[in-house]
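Enquirer: Contents of run_12.txt (compact mmCIF, C-alpha atoms):
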# COMPACT_ATOMS: atom_id res chain seq x y z
CA MET A 1 -28.81 -80.48 -15.17
CA ALA A 2 -25.32 -80.60 -13.68
CA THR A 3 -24.21 -77.65 -11.48
CA ILE A 4 -20.65 -76.38 -10.79
CA SER A 5 -19.80 -75.31 -7.25
CA SER A 6 -16.22 -74.35 -8.10
CA LEU A 7 -14.97 -73.34 -11.51
CA GLY A 8 -12.83 -76.10 -13.08
CA ILE A 9 -14.15 -79.04 -11.05
CA GLY A 10 -16.29 -80.27 -13.91
CA SER A 11 -13.56 -80.11 -16.58
CA GLY A 12 -10.56 -80.71 -14.35
CA LEU A 13 -8.95 -77.63 -15.89
CA ASP A 14 -7.65 -74.52 -13.99
CA LEU A 15 -10.30 -72.29 -15.52
CA GLN A 16 -10.17 -69.80 -12.60
CA GLY A 17 -6.42 -69.45 -13.03
CA MET A 18 -6.92 -68.82 -16.73
CA LEU A 19 -9.47 -66.10 -15.97
CA ASP A 20 -7.15 -64.46 -13.43
CA GLN A 21 -4.28 -64.43 -15.94
CA LEU A 22 -6.49 -62.92 -18.61
CA ARG A 23 -7.66 -60.26 -16.10
CA GLN A 24 -4.05 -59.44 -15.20
CA ILE A 25 -3.10 -59.10 -18.89
CA ASP A 26 -5.97 -56.70 -19.51
CA GLU A 27 -5.20 -54.63 -16.40
CA GLU A 28 -1.55 -54.38 -17.40
CA ALA A 29 -2.61 -53.29 -20.86
CA TYR A 30 -5.27 -50.76 -19.83
CA ILE A 31 -5.10 -49.87 -16.09
CA THR A 32 -1.36 -49.92 -15.34
CA PRO A 33 -0.48 -47.25 -17.96
CA LEU A 34 -3.15 -45.01 -16.48
CA ASN A 35 -1.79 -45.46 -12.94
CA ASP A 36 1.72 -44.79 -14.27
CA SER A 37 0.43 -41.55 -15.77
CA ILE A 38 -1.03 -40.49 -12.43
CA THR A 39 2.29 -41.25 -10.71
CA LYS A 40 4.14 -39.15 -13.26
CA ILE A 41 1.72 -36.24 -12.87
CA ASN A 42 1.94 -36.41 -9.07
CA ASN A 43 5.72 -36.24 -9.38
CA GLN A 44 5.28 -33.22 -11.65
CA LEU A 45 3.04 -31.59 -9.03
CA ALA A 46 5.80 -32.13 -6.47
CA GLY A 47 8.16 -30.48 -8.94
CA PHE A 48 5.80 -27.53 -9.27
CA ASP A 49 5.69 -27.23 -5.47
CA SER A 50 9.49 -27.14 -5.33
CA ILE A 51 9.69 -24.42 -7.97
CA ASN A 52 6.84 -22.53 -6.36
CA GLN A 53 8.66 -22.52 -3.01
CA SER A 54 11.81 -21.16 -4.67
CA VAL A 55 9.72 -18.40 -6.25
CA LEU A 56 8.23 -17.53 -2.85
CA ASP A 57 11.72 -17.44 -1.31
CA ILE A 58 12.87 -14.94 -3.95
CA GLN A 59 9.70 -12.95 -3.45
CA SER A 60 10.36 -12.76 0.31
CA ASP A 61 13.80 -11.19 -0.18
CA ALA A 62 12.48 -8.90 -2.91
CA LEU A 63 9.78 -7.65 -0.56
CA SER A 64 12.44 -6.91 2.07
CA LEU A 65 14.53 -4.99 -0.46
CA ALA A 66 11.46 -2.96 -1.41
CA LEU A 67 11.05 -1.60 2.12
CA ASN A 68 12.62 1.61 3.40
CA THR A 69 13.02 0.01 6.81
CA THR A 70 15.48 -2.52 5.37
CA PHE A 71 17.88 0.34 4.65
CA MET A 72 17.30 2.11 7.97
CA GLY A 73 19.30 -0.29 10.13
CA ARG A 74 21.96 1.44 12.18
CA THR A 75 25.08 0.48 14.14
CA VAL A 76 26.73 2.35 17.01
CA ASN A 77 30.36 2.15 18.03
CA VAL A 78 32.05 3.85 21.00
CA GLY A 79 35.73 4.60 21.19
CA ASN A 80 36.09 3.96 24.93
CA SER A 81 33.60 1.44 26.28
CA SER A 82 34.88 1.92 29.83
CA VAL A 83 33.41 5.46 29.74
CA ILE A 84 30.14 4.94 27.87
CA SER A 85 28.07 2.29 26.14
CA ALA A 86 25.21 2.99 23.73
CA SER A 87 22.43 1.53 21.62
CA VAL A 88 20.69 3.00 18.58
CA VAL A 89 17.28 2.71 16.90
CA ASP A 90 16.75 2.23 13.18
CA GLY A 91 16.57 5.39 11.14
CA THR A 92 18.83 7.44 13.41
CA THR A 93 20.90 10.02 11.54
CA ALA A 94 24.39 8.67 10.94
CA GLY A 95 27.25 10.76 12.28
CA SER A 96 30.07 11.20 14.81
CA HIS A 97 29.79 12.58 18.33
CA GLU A 98 32.30 13.44 21.07
CA VAL A 99 31.32 12.63 24.65
CA SER A 100 33.12 13.71 27.81
CA VAL A 101 31.92 12.66 31.29
CA SER A 102 33.06 14.84 34.20
CA ARG A 103 30.82 13.43 36.95
CA LEU A 104 28.66 10.37 37.55
CA ALA A 105 25.23 10.57 39.13
CA THR A 106 25.19 9.54 42.80
CA LYS A 107 22.58 8.85 45.46
CA SER A 108 21.81 11.33 48.22
CA SER A 109 22.73 9.98 51.66
CA TRP A 110 22.72 10.99 55.36
CA ILE A 111 24.32 9.39 58.41
CA SER A 112 23.71 9.88 62.13
CA GLN A 113 26.22 11.83 64.24
CA SER A 114 25.93 9.51 67.24
CA GLY A 115 25.88 5.74 67.31
CA ALA A 116 25.17 2.74 69.48
CA ALA A 117 26.88 -0.44 70.56
CA SER A 118 24.57 -2.56 68.36
CA ALA A 119 21.61 -2.27 66.01
CA ASP A 120 19.26 -3.14 68.86
CA ALA A 121 20.84 -0.70 71.33
CA ILE A 122 19.10 2.39 72.62
CA ALA A 123 19.77 5.41 70.41
CA SER A 124 19.13 7.96 73.21
CA VAL A 125 16.09 9.31 71.38
CA ALA A 126 13.72 11.49 73.38
CA GLY A 127 11.00 10.86 70.82
CA GLY A 128 9.26 13.19 68.41
CA THR A 129 8.79 13.63 64.66
CA PHE A 130 11.49 13.12 62.07
CA SER A 131 10.65 14.82 58.73
CA PHE A 132 12.23 14.84 55.28
CA THR A 133 11.49 15.35 51.61
CA VAL A 134 12.75 13.53 48.51
CA GLY A 135 13.35 15.79 45.55
CA SER A 136 10.36 18.06 45.06
CA GLY A 137 8.00 15.60 46.75
CA ASN A 138 5.80 16.17 49.77
CA GLN A 139 7.20 16.16 53.28
CA VAL A 140 7.31 12.75 54.96
CA ASP A 141 6.73 12.70 58.75
CA VAL A 142 7.96 9.78 60.84
CA THR A 143 6.78 9.49 64.45
CA VAL A 144 9.56 8.16 66.68
CA SER A 145 8.97 6.81 70.18
CA ALA A 146 11.29 7.64 73.08
CA ASN A 147 14.34 5.45 73.51
CA ALA A 148 13.87 3.81 70.10
CA THR A 149 16.65 1.49 68.94
CA LEU A 150 18.58 2.12 65.73
CA GLN A 151 16.75 -0.73 64.01
CA GLU A 152 13.39 0.61 65.12
CA LEU A 153 14.30 4.01 63.66
CA ALA A 154 15.28 2.40 60.36
CA ASP A 155 12.08 0.32 60.24
CA ALA A 156 9.89 3.36 60.95
CA ILE A 157 11.48 5.28 58.04
CA ASN A 158 11.30 2.33 55.64
CA ASN A 159 7.64 1.72 56.44
CA LYS A 160 6.84 5.08 54.83
CA ASP A 161 7.98 3.70 51.44
CA ALA A 162 9.06 7.22 50.47
CA GLY A 163 11.86 6.48 48.01
CA VAL A 164 14.61 6.09 50.59
CA THR A 165 16.17 3.15 52.38
CA ALA A 166 17.26 3.43 56.03
CA SER A 167 19.71 0.91 57.42
CA VAL A 168 21.96 0.33 60.38
CA VAL A 169 25.64 0.38 59.38
CA ASN A 170 28.70 -0.69 61.31
CA THR A 171 31.37 1.97 60.83
CA GLY A 172 33.90 -0.13 62.69
CA THR A 173 35.18 2.76 64.78
CA GLY A 174 34.71 3.72 68.44
CA ALA A 175 32.74 2.13 71.24
CA ASN A 176 29.47 2.85 69.44
CA PRO A 177 30.20 1.94 65.79
CA TYR A 178 26.58 1.37 64.74
CA LYS A 179 24.92 4.36 63.05
CA LEU A 180 21.74 5.08 61.14
CA ALA A 181 22.22 5.72 57.39
CA ILE A 182 19.56 6.95 54.96
CA ASN A 183 20.14 6.55 51.20
CA ALA A 184 17.97 7.64 48.30
CA ASN A 185 16.75 4.75 46.16
CA ASN A 186 17.59 6.61 42.96
CA THR A 187 20.46 8.78 41.78
CA GLY A 188 20.38 12.46 40.94
CA GLU A 189 19.04 15.74 42.23
CA SER A 190 15.47 14.64 41.63
CA SER A 191 15.94 12.16 44.51
CA ARG A 192 17.94 14.42 46.87
CA ILE A 193 16.98 13.88 50.50
CA THR A 194 16.36 17.06 52.50
CA ILE A 195 15.80 16.66 56.24
CA THR A 196 13.30 19.29 57.35
CA ASN A 197 13.00 18.27 61.03
CA GLN A 198 15.72 16.51 63.02
CA LEU A 199 15.21 14.66 66.28
CA GLY A 200 16.56 16.99 68.91
CA ASP A 201 19.08 14.64 70.46
CA PHE A 202 19.73 12.40 67.43
CA ALA A 203 20.86 14.45 64.43
CA LEU A 204 22.01 13.26 61.01
CA ASP A 205 24.60 14.88 58.77
CA GLU A 206 24.36 15.04 55.01
CA ASN A 207 26.96 12.69 53.54
CA GLN A 208 26.74 12.35 49.77
CA GLY A 209 25.63 15.63 48.20
CA SER A 210 26.71 17.74 51.16
CA GLY A 211 27.71 21.35 50.69
CA GLY A 212 25.50 21.63 47.62
CA ALA A 213 27.57 19.14 45.57
CA SER A 214 25.52 18.02 42.60
CA LEU A 215 24.13 14.50 42.56
CA ASN A 216 23.59 14.54 38.80
CA THR A 217 25.77 13.01 36.13
CA GLU A 218 27.47 15.71 34.06
CA LEU A 219 28.59 15.15 30.51
CA THR A 220 29.51 17.20 27.50
CA VAL A 221 28.31 16.08 24.07
CA ASN A 222 29.61 17.88 21.01
CA GLY A 223 30.64 20.85 23.19
CA ILE A 224 27.33 21.21 25.04
CA THR A 225 27.19 20.35 28.76
CA TYR A 226 24.24 18.35 30.14
CA GLN A 227 23.17 17.12 33.54
CA ARG A 228 20.94 14.10 34.07
CA ASN A 229 19.65 12.34 37.17
CA SER A 230 20.74 8.88 36.02
CA ASN A 231 23.85 7.22 34.63
CA SER A 232 21.81 4.92 32.41
CA ASN A 233 19.07 4.97 29.77
CA ILE A 234 19.78 8.57 28.73
CA LYS A 235 17.76 9.02 25.52
CA ASP A 236 17.27 12.76 25.20
CA ILE A 237 20.73 14.05 24.30
CA ILE A 238 21.57 12.36 20.97
CA SER A 239 18.37 11.66 19.04
CA GLY A 240 17.84 7.93 18.54
CA VAL A 241 20.76 6.98 20.79
CA THR A 242 20.50 5.60 24.33
CA LEU A 243 23.57 6.40 26.45
CA ASN A 244 24.82 4.59 29.52
CA ILE A 245 27.53 6.26 31.59
CA ASN A 246 30.15 3.90 33.05
CA SER A 247 32.88 6.22 34.35
CA THR A 248 34.38 9.68 33.93
CA GLY A 249 36.51 10.27 30.86
CA SER A 250 36.12 10.88 27.13
CA SER A 251 34.97 8.77 24.21
CA SER A 252 33.90 9.08 20.61
CA LEU A 253 30.56 7.72 19.44
CA GLU A 254 29.82 6.80 15.82
CA VAL A 255 26.35 6.09 14.43
CA GLY A 256 26.67 4.25 11.12
CA VAL A 257 24.48 2.55 8.52
CA ASN A 258 24.07 -1.19 9.01
CA THR A 259 25.35 -2.12 5.57
CA ALA A 260 26.06 -5.72 6.59
CA SER A 261 22.37 -6.58 6.92
CA VAL A 262 21.60 -5.11 3.47
CA LYS A 263 24.49 -7.02 1.94
CA ASP A 264 23.28 -10.27 3.50
CA ILE A 265 19.80 -9.82 2.01
CA ILE A 266 21.23 -9.10 -1.47
CA LYS A 267 23.51 -12.14 -1.27
CA GLY A 268 20.61 -14.28 -0.05
CA PHE A 269 18.49 -13.00 -2.93
CA VAL A 270 21.18 -14.09 -5.43
CA GLU A 271 21.50 -17.52 -3.79
CA LYS A 272 17.74 -18.08 -3.93
CA PHE A 273 17.69 -16.98 -7.57
CA ASN A 274 20.34 -19.60 -8.34
CA THR A 275 18.36 -22.24 -6.47
CA LEU A 276 15.34 -21.50 -8.65
CA VAL A 277 17.27 -21.50 -11.93
CA SER A 278 19.07 -24.75 -11.06
CA ASP A 279 15.82 -26.40 -9.99
CA ILE A 280 14.11 -25.47 -13.26
CA LYS A 281 17.11 -26.65 -15.27
CA ASN A 282 17.21 -30.03 -13.50
CA LYS A 283 13.49 -30.61 -13.91
CA THR A 284 13.25 -29.53 -17.56
CA GLY A 285 16.53 -30.95 -18.88
CA TYR A 286 18.03 -34.42 -19.38
CA ASP A 287 20.30 -36.43 -17.12
CA GLU A 288 23.68 -37.90 -18.13
CA GLU A 289 21.95 -40.97 -19.55
CA GLY A 290 19.61 -38.88 -21.68
CA ASN A 291 16.54 -39.42 -19.53
CA PRO A 292 14.13 -36.44 -19.43
CA GLY A 293 13.34 -34.59 -16.23
CA LEU A 294 9.93 -34.40 -14.62
CA LEU A 295 8.93 -31.26 -16.52
CA THR A 296 11.00 -31.59 -19.71
CA ASP A 297 7.90 -31.70 -21.90
CA LEU A 298 6.55 -28.42 -20.45
CA THR A 299 7.88 -25.57 -22.56
CA SER A 300 6.24 -22.95 -20.37
CA ILE A 301 8.30 -24.08 -17.37
CA LYS A 302 11.49 -24.49 -19.40
CA ASN A 303 11.24 -20.87 -20.57
CA LEU A 304 10.99 -19.57 -17.00
CA SER A 305 14.74 -19.78 -16.47
CA SER A 306 15.57 -17.36 -19.28
CA GLU A 307 12.70 -15.05 -18.31
CA ILE A 308 13.96 -14.77 -14.74
CA THR A 309 17.58 -14.33 -15.86
CA ASP A 310 16.51 -11.50 -18.16
CA LEU A 311 14.66 -9.93 -15.23
CA MET A 312 17.86 -9.87 -13.18
CA PHE A 313 19.44 -7.51 -15.69
CA THR A 314 16.53 -5.09 -15.98
CA ASN A 315 17.58 -1.41 -15.92
CA VAL A 316 16.06 0.85 -13.27
CA ASP A 317 17.11 4.47 -13.72
CA VAL A 318 16.28 6.57 -10.68
CA GLY A 319 19.00 9.11 -11.34
CA GLY A 320 21.72 7.45 -9.27
CA SER A 321 24.94 5.60 -9.97
CA ILE A 322 23.26 2.17 -9.67
CA THR A 323 20.90 1.27 -12.52
CA ASN A 324 21.15 -2.54 -12.68
CA MET A 325 22.44 -5.59 -10.84
CA ILE A 326 25.60 -5.64 -12.96
CA GLU A 327 26.74 -2.49 -11.16
CA LEU A 328 26.33 -4.40 -7.89
CA GLY A 329 28.75 -7.08 -9.16
CA VAL A 330 26.32 -9.57 -10.70
CA SER A 331 27.33 -11.59 -13.78
CA VAL A 332 25.65 -14.54 -15.50
CA ASN A 333 27.22 -18.00 -15.76
CA GLU A 334 26.93 -20.47 -18.64
CA ASP A 335 24.38 -22.58 -16.78
CA GLY A 336 22.08 -19.59 -16.29
CA THR A 337 22.96 -19.03 -12.65
CA ILE A 338 24.54 -15.77 -11.55
CA THR A 339 27.59 -14.81 -9.52
CA ILE A 340 28.02 -11.70 -7.40
CA ASP A 341 31.41 -10.10 -6.87
CA GLU A 342 31.50 -9.12 -3.20
CA THR A 343 34.22 -6.52 -3.71
CA THR A 344 32.03 -4.66 -6.20
CA LEU A 345 29.00 -5.08 -3.94
CA ASP A 346 30.89 -3.80 -0.90
CA ASP A 347 32.13 -0.77 -2.82
CA ALA A 348 28.62 0.08 -4.02
CA ILE A 349 27.09 -0.28 -0.56
CA GLU A 350 29.83 1.59 1.28
CA ASN A 351 30.20 4.48 -1.16
CA ASN A 352 26.78 4.74 -2.85
CA PHE A 353 24.39 3.42 -0.22
CA ASP A 354 21.54 5.79 -1.07
CA ASP A 355 21.85 4.91 -4.77
CA VAL A 356 21.67 1.20 -3.91
CA LYS A 357 18.58 1.84 -1.81
CA ASN A 358 16.89 3.90 -4.52
CA PHE A 359 17.68 1.25 -7.15
CA PHE A 360 15.79 -1.36 -5.15
CA ILE A 361 13.00 0.87 -3.84
CA GLY A 362 12.50 3.30 -6.75
CA ASN A 363 10.68 6.59 -6.38
CA ASP A 364 7.30 8.16 -7.07
CA THR A 365 7.71 7.87 -10.85
CA VAL A 366 10.02 4.86 -11.32
CA LYS A 367 9.28 1.40 -9.99
CA GLY A 368 12.24 -0.06 -8.13
CA PHE A 369 13.99 -3.28 -9.05
CA ALA A 370 12.66 -5.09 -5.96
CA ASP A 371 9.07 -4.24 -6.92
CA LYS A 372 9.69 -5.45 -10.47
CA VAL A 373 10.93 -8.78 -9.14
CA THR A 374 7.97 -9.03 -6.76
CA ASP A 375 5.54 -8.36 -9.61
CA LYS A 376 7.17 -11.06 -11.74
CA MET A 377 7.09 -13.63 -8.96
CA ASN A 378 3.44 -12.77 -8.30
CA SER A 379 2.62 -13.25 -11.98
CA LEU A 380 4.10 -16.76 -11.89
CA THR A 381 2.11 -17.93 -8.89
CA TYR A 382 -1.08 -15.87 -9.18
CA TYR A 383 -4.06 -18.21 -8.96
CA GLY A 384 -5.82 -18.79 -12.24
CA THR A 385 -3.43 -16.85 -14.50
CA GLY A 386 0.14 -17.55 -13.33
CA ILE A 387 2.14 -20.11 -15.30
CA LEU A 388 2.79 -22.29 -12.27
CA SER A 389 -0.80 -22.00 -11.12
CA LEU A 390 -2.12 -22.92 -14.58
CA GLU A 391 0.21 -25.91 -14.93
CA GLN A 392 -0.77 -27.17 -11.49
CA THR A 393 -4.46 -26.76 -12.27
CA THR A 394 -4.01 -28.57 -15.59
CA ALA A 395 -2.17 -31.42 -13.89
CA GLN A 396 -4.90 -31.79 -11.28
CA SER A 397 -7.53 -31.88 -14.03
CA ARG A 398 -5.56 -34.58 -15.88
CA ILE A 399 -5.45 -36.69 -12.73
CA GLU A 400 -9.22 -36.36 -12.34
CA ASP A 401 -9.75 -37.34 -15.98
CA ILE A 402 -7.47 -40.36 -15.64
CA ASP A 403 -9.20 -41.40 -12.41
CA ASN A 404 -12.50 -41.30 -14.26
CA GLU A 405 -11.00 -43.32 -17.11
CA ILE A 406 -9.66 -45.91 -14.66
CA THR A 407 -13.13 -46.19 -13.10
CA SER A 408 -14.86 -46.66 -16.46
CA THR A 409 -12.19 -49.08 -17.71
CA THR A 410 -12.43 -51.13 -14.51
CA THR A 411 -16.20 -51.26 -14.93
CA ARG A 412 -15.84 -52.54 -18.53
CA LEU A 413 -13.33 -55.17 -17.43
CA ASP A 414 -15.64 -56.26 -14.61
CA GLU A 415 -18.47 -56.71 -17.13
CA LYS A 416 -16.19 -58.53 -19.56
CA PHE A 417 -14.93 -61.01 -16.98
CA THR A 418 -18.38 -61.52 -15.49
CA HIS A 419 -19.47 -62.64 -18.97
CA LEU A 420 -16.32 -64.76 -19.41
CA THR A 421 -16.92 -66.39 -16.03
CA GLU A 422 -20.41 -67.33 -17.14
CA GLN A 423 -19.05 -68.80 -20.40
CA PHE A 424 -16.32 -70.74 -18.56
CA THR A 425 -18.93 -72.04 -16.14
CA GLN A 426 -21.09 -73.29 -19.04
CA LEU A 427 -17.99 -74.86 -20.60
CA ASP A 428 -17.25 -76.58 -17.30
CA VAL A 429 -20.80 -77.94 -17.17
CA VAL A 430 -20.69 -79.22 -20.76
CA MET A 431 -17.30 -80.84 -20.21
CA ALA A 432 -18.58 -82.43 -17.02
CA GLN A 433 -21.56 -83.85 -18.95
CA MET A 434 -19.30 -85.13 -21.71
CA GLN A 435 -17.06 -86.74 -19.11
CA ALA A 436 -20.11 -88.46 -17.60
CA ILE A 437 -21.18 -89.76 -21.04
CA GLN A 438 -17.63 -90.93 -21.71
CA ASP A 439 -17.55 -92.73 -18.38
CA TYR A 440 -20.93 -94.36 -19.11
CA LEU A 441 -19.92 -95.53 -22.58
CA THR A 442 -16.65 -96.82 -21.27
CA SER A 443 -18.44 -98.84 -18.63
CA GLN A 444 -20.85 -100.25 -21.27
CA PHE A 445 -18.04 -101.25 -23.59
CA ASP A 446 -16.21 -102.85 -20.73
CA ALA A 447 -19.34 -104.81 -19.75
CA LEU A 448 -19.92 -105.97 -23.36
CA ALA A 449 -16.34 -107.08 -23.68
CA ASN A 450 -16.61 -109.05 -20.45
CA TYR A 451 -19.84 -110.69 -21.69
CA ASN A 452 -18.35 -111.79 -25.05
CA SER A 453 -15.34 -113.21 -23.35
Have the structure of the file written as structure tokens, please.
Expert:
Amino acid sequence: MATISSLGIGSGLDLQGMLDQLRQIDEEAYITPLNDSITKINNQLAGFDSINQSVLDIQSDALSLALNTTFMGRTVNVGNSSVISASVVDGTTAGSHEVSVSRLATKSSWISQSGAASADAIASVAGGTFSFTVGSGNQVDVTVSANATLQELADAINNKDAGVTASVVNTGTGANPYKLAINANNTGESSRITITNQLGDFALDENQGSGGASLNTELTVNGITYQRNSNSNIKDIISGVTLNINSTGSSSLEVGVNTASVKDIIKGFVEKFNTLVSDIKNKTGYDEEGNPGLLTDLTSIKNLSSEITDLMFTNVDVGGSITNMIELGVSVNEDGTITIDETTLDDAIENNFDDVKNFFIGNDTVKGFADKVTDKMNSLTYYGTGILSLEQTTAQSRIEDIDNEITSTTTRLDEKFTHLTEQFTQLDVVMAQMQAIQDYLTSQFDALANYNS
């Protein structure tokens, strides 16, 4: 029996090409539409992701507007920044303050009566113990050797690390201009240097703070006079305010509500709402040529736009002047997006700030607008029950079903074309046999004709 090593050799026909064309026709008829469906569903899933992200963006701003801390931001302004500067923490009571600075804090200092020709010159010290205190601290004793130089004296004091710095200064006057100076490391009376034991032949005079002059800063706030050891980081005079003293003089100080940050969040919330509405409209509508969007056939998604728009105009009555977004300047446009009038918003925030806050936050008995929005956004995305979650789950299930259908269809086509290949192979064999018979008969007829001739 004849065998075929390559389909079509026996018959001389392109049987393999015919099988491939038939396979392509069947795949285009059965497999391609299924793959196209998967592509469409994957595009829909990308559309769901886009909408879901817009929902999360709205939810983020709504959560911010539901927090008391959002409305506790504060600003601080000073009338004369050359006199004071200030910072403020959130939640500080808003109000005006008058500040007058009559004295800045200074550092206690002492300087030697006698000097030397240079820092390394002999200071005519007989030796002994030099003692001092800093503020209310313990006495510091410094042992000084006879005939110590000015620099050696300074080093001996500095080695005690007692909150003072000793140095050799050049006064620029006289034959012996170099003197020993001792300065407190910090300002104020709490760092005042008191010398309790002088070296007999090398005395120091009090320089800054002498005669009982105060080393503290002195300022009057709202008519009350205060003294502090430092010119900076003063936190215990105006609650929530940190003062820094720059110079003597007077200045006003105003703690205000940071309305700008609240306004920015509200405006951002409106912009994100419009992004969501526009995204839904584009994906569920038709383009200029009448072609449907990715999600046009999904009524549940199409209805979201109107549901969210209705939510924006929900009334929340907490007993204040603001009960809905309209009173904050919001109006709806023909395309379902909304516009906010900044003049109206500014007026509401500046003149009815607490009412704006209560509208968004609510109270113990009335849920605020921000919480209502958060609840709605949660309901859309909540796994297993939210509209977006359900549609995504359904789409994933459809992809799995189509994948299974593609697998089963491919298996059937494989079986079909395995059988067809066998039939074409048999046909090739038969045609090869017939060709052999034809060739044989032809040769016989040719031989007979030659014989007769």
Enquirer: So which residues touch range 114-117 of chain A within 10 Å, counting all atoms listed in the file, skipping near sequence neighbours fewer than 3 positions away, as a compact mmCIF listing (two decimals) with C-alpha atoms, keeping the file's coordinate frame?
Expert:
# COMPACT_ATOMS: atom_id res chain seq x y z
CA ILE A 111 24.32 9.39 58.41
CA ASP A 120 19.26 -3.14 68.86
CA ALA A 121 20.84 -0.70 71.33
CA ILE A 122 19.10 2.39 72.62
CA ALA A 123 19.77 5.41 70.41
CA SER A 124 19.13 7.96 73.21
CA THR A 149 16.65 1.49 68.94
CA LEU A 150 18.58 2.12 65.73
CA VAL A 168 21.96 0.33 60.38
CA VAL A 169 25.64 0.38 59.38
CA ASN A 170 28.70 -0.69 61.31
CA THR A 171 31.37 1.97 60.83
CA GLY A 174 34.71 3.72 68.44
CA ALA A 175 32.74 2.13 71.24
CA ASN A 176 29.47 2.85 69.44
CA PRO A 177 30.20 1.94 65.79
CA TYR A 178 26.58 1.37 64.74
CA LYS A 179 24.92 4.36 63.05
CA LEU A 180 21.74 5.08 61.14
CA ASP A 201 19.08 14.64 70.46
CA PHE A 202 19.73 12.40 67.43
CA ALA A 203 20.86 14.45 64.43
CA LEU A 204 22.01 13.26 61.01
Enquirer: Residues around (15.5, 15.7, 56.5), cut-off 7 Å, counting all atoms listed in the file - what are they as a JSON list (two decimals) with C-alpha atoms, in the coordinates of the input?
Expert:
[["chain", "number", "residue", "atom", "x", "y", "z"],
["A", 131, "SER", "CA", 10.65, 14.82, 58.73],
["A", 132, "PHE", "CA", 12.23, 14.84, 55.28],
["A", 133, "THR", "CA", 11.49, 15.35, 51.61],
["A", 193, "ILE", "CA", 16.98, 13.88, 50.50],
["A", 194, "THR", "CA", 16.36, 17.06, 52.50],
["A", 195, "ILE", "CA", 15.80, 16.66, 56.24],
["A", 196, "THR", "CA", 13.30, 19.29, 57.35],
["A", 197, "ASN", "CA", 13.00, 18.27, 61.03],
["A", 198, "GLN", "CA", 15.72, 16.51, 63.02]]
Enquirer: Tell me, as a short mmCIF file (atom, residue, chain, number, x, y, z; two decimals) with C-alpha atoms, in the coordinates of the input, which residues lie within 10 Å of Asn303 in chain A, counting all atoms listed in the file; anything in the same chain fewer than 3 positions away does not count.
Expert:
data_model
loop_
_atom_site.label_atom_id
_atom_site.label_comp_id
_atom_site.auth_asym_id
_atom_site.auth_seq_id
_atom_site.Cartn_x
_atom_site.Cartn_y
_atom_site.Cartn_z
CA ILE A 280 14.11 -25.47 -13.26
CA LYS A 281 17.11 -26.65 -15.27
CA THR A 284 13.25 -29.53 -17.56
CA LEU A 298 6.55 -28.42 -20.45
CA THR A 299 7.88 -25.57 -22.56
CA SER A 300 6.24 -22.95 -20.37
CA SER A 306 15.57 -17.36 -19.28
CA GLU A 307 12.70 -15.05 -18.31
CA ILE A 308 13.96 -14.77 -14.74
#
Enquirer: Considering all atoms listed in the file, can you say which of A:Gly47, A:Thr394, A:Asp375, A:Phe313 comes closest to Thr296 in chain A?
Expert: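 Of A:Gly47, A:Thr394, A:Asp375, A:Phe313, the one nearest Thr296 in chain A is A:Gly47, counting all atoms listed in the file.
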Enquirer: Pull the neighbourhood of (3.1, -19.9, -9.0) for me: all residues within 8 Å in file coordinates, counting only C-alpha atoms, as an mmCIF file with C-alpha atoms, keeping the file's coordinate frame.
Expert:
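Resulting contents of part25.cif:
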data_model
loop_
_atom_site.group_PDB
_atom_site.id
_atom_site.type_symbol
_atom_site.label_atom_id
_atom_site.label_comp_id
_atom_site.auth_asym_id
_atom_site.auth_seq_id
_atom_site.Cartn_x
_atom_site.Cartn_y
_atom_site.Cartn_z
ATOM 1 C CA ASN A 52 6.840 -22.530 -6.360
ATOM 2 C CA VAL A 55 9.720 -18.400 -6.250
ATOM 3 C CA MET A 377 7.090 -13.630 -8.960
ATOM 4 C CA ASN A 378 3.440 -12.770 -8.300
ATOM 5 C CA SER A 379 2.620 -13.250 -11.980
ATOM 6 C CA LEU A 380 4.100 -16.760 -11.890
ATOM 7 C CA THR A 381 2.110 -17.930 -8.890
ATOM 8 C CA TYR A 382 -1.080 -15.870 -9.180
ATOM 9 C CA TYR A 383 -4.060 -18.210 -8.960
ATOM 10 C CA GLY A 386 0.140 -17.550 -13.330
ATOM 11 C CA ILE A 387 2.140 -20.110 -15.300
ATOM 12 C CA LEU A 388 2.790 -22.290 -12.270
ATOM 13 C CA SER A 389 -0.800 -22.000 -11.120
#
Enquirer: Using only C-alpha atoms, which of A:Asn231, A:Ser167, A:Thr309, A:Ser108 sits nearest Gly209 in chain A?
Expert: A:Ser108
Enquirer: Can you list every residue of range 220-312 of chain A that has an atom at most 8 Å from range 321-344 of chain A, with its nearest atom pair and the distance in Å to one decimal, using all atoms listed in the file, ordered by chain then number, as CSV?
Expert:
residue,atom,partner,partner_atom,distance
A:Lys267,CA,A:Ile340,CA,7.6
A:Val270,CA,A:Ile338,CA,7.2
A:Phe273,CA,A:Thr337,CA,7.6
A:Asn274,CA,A:Thr337,CA,5.1
A:Val277,CA,A:Thr337,CA,6.2
A:Ser278,CA,A:Thr337,CA,7.1
A:Ser305,CA,A:Gly336,CA,7.3
A:Ser306,CA,A:Gly336,CA,7.5
A:Thr309,CA,A:Gly336,CA,6.9
A:Met312,CA,A:Met325,CA,6.7
Enquirer: Could you check how far CA of Val255 in chain A sits from CA of Ser87 in chain A, in Å to one decimal?
Expert: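 Distance reported for this atom pair: 9.4 Å.
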Enquirer: As an exercise, work out the distance from CA of Thr220 in chain A to CA of Asn183 in chain A in Å and give it to one decimal place.
Expert: 27.6 Å
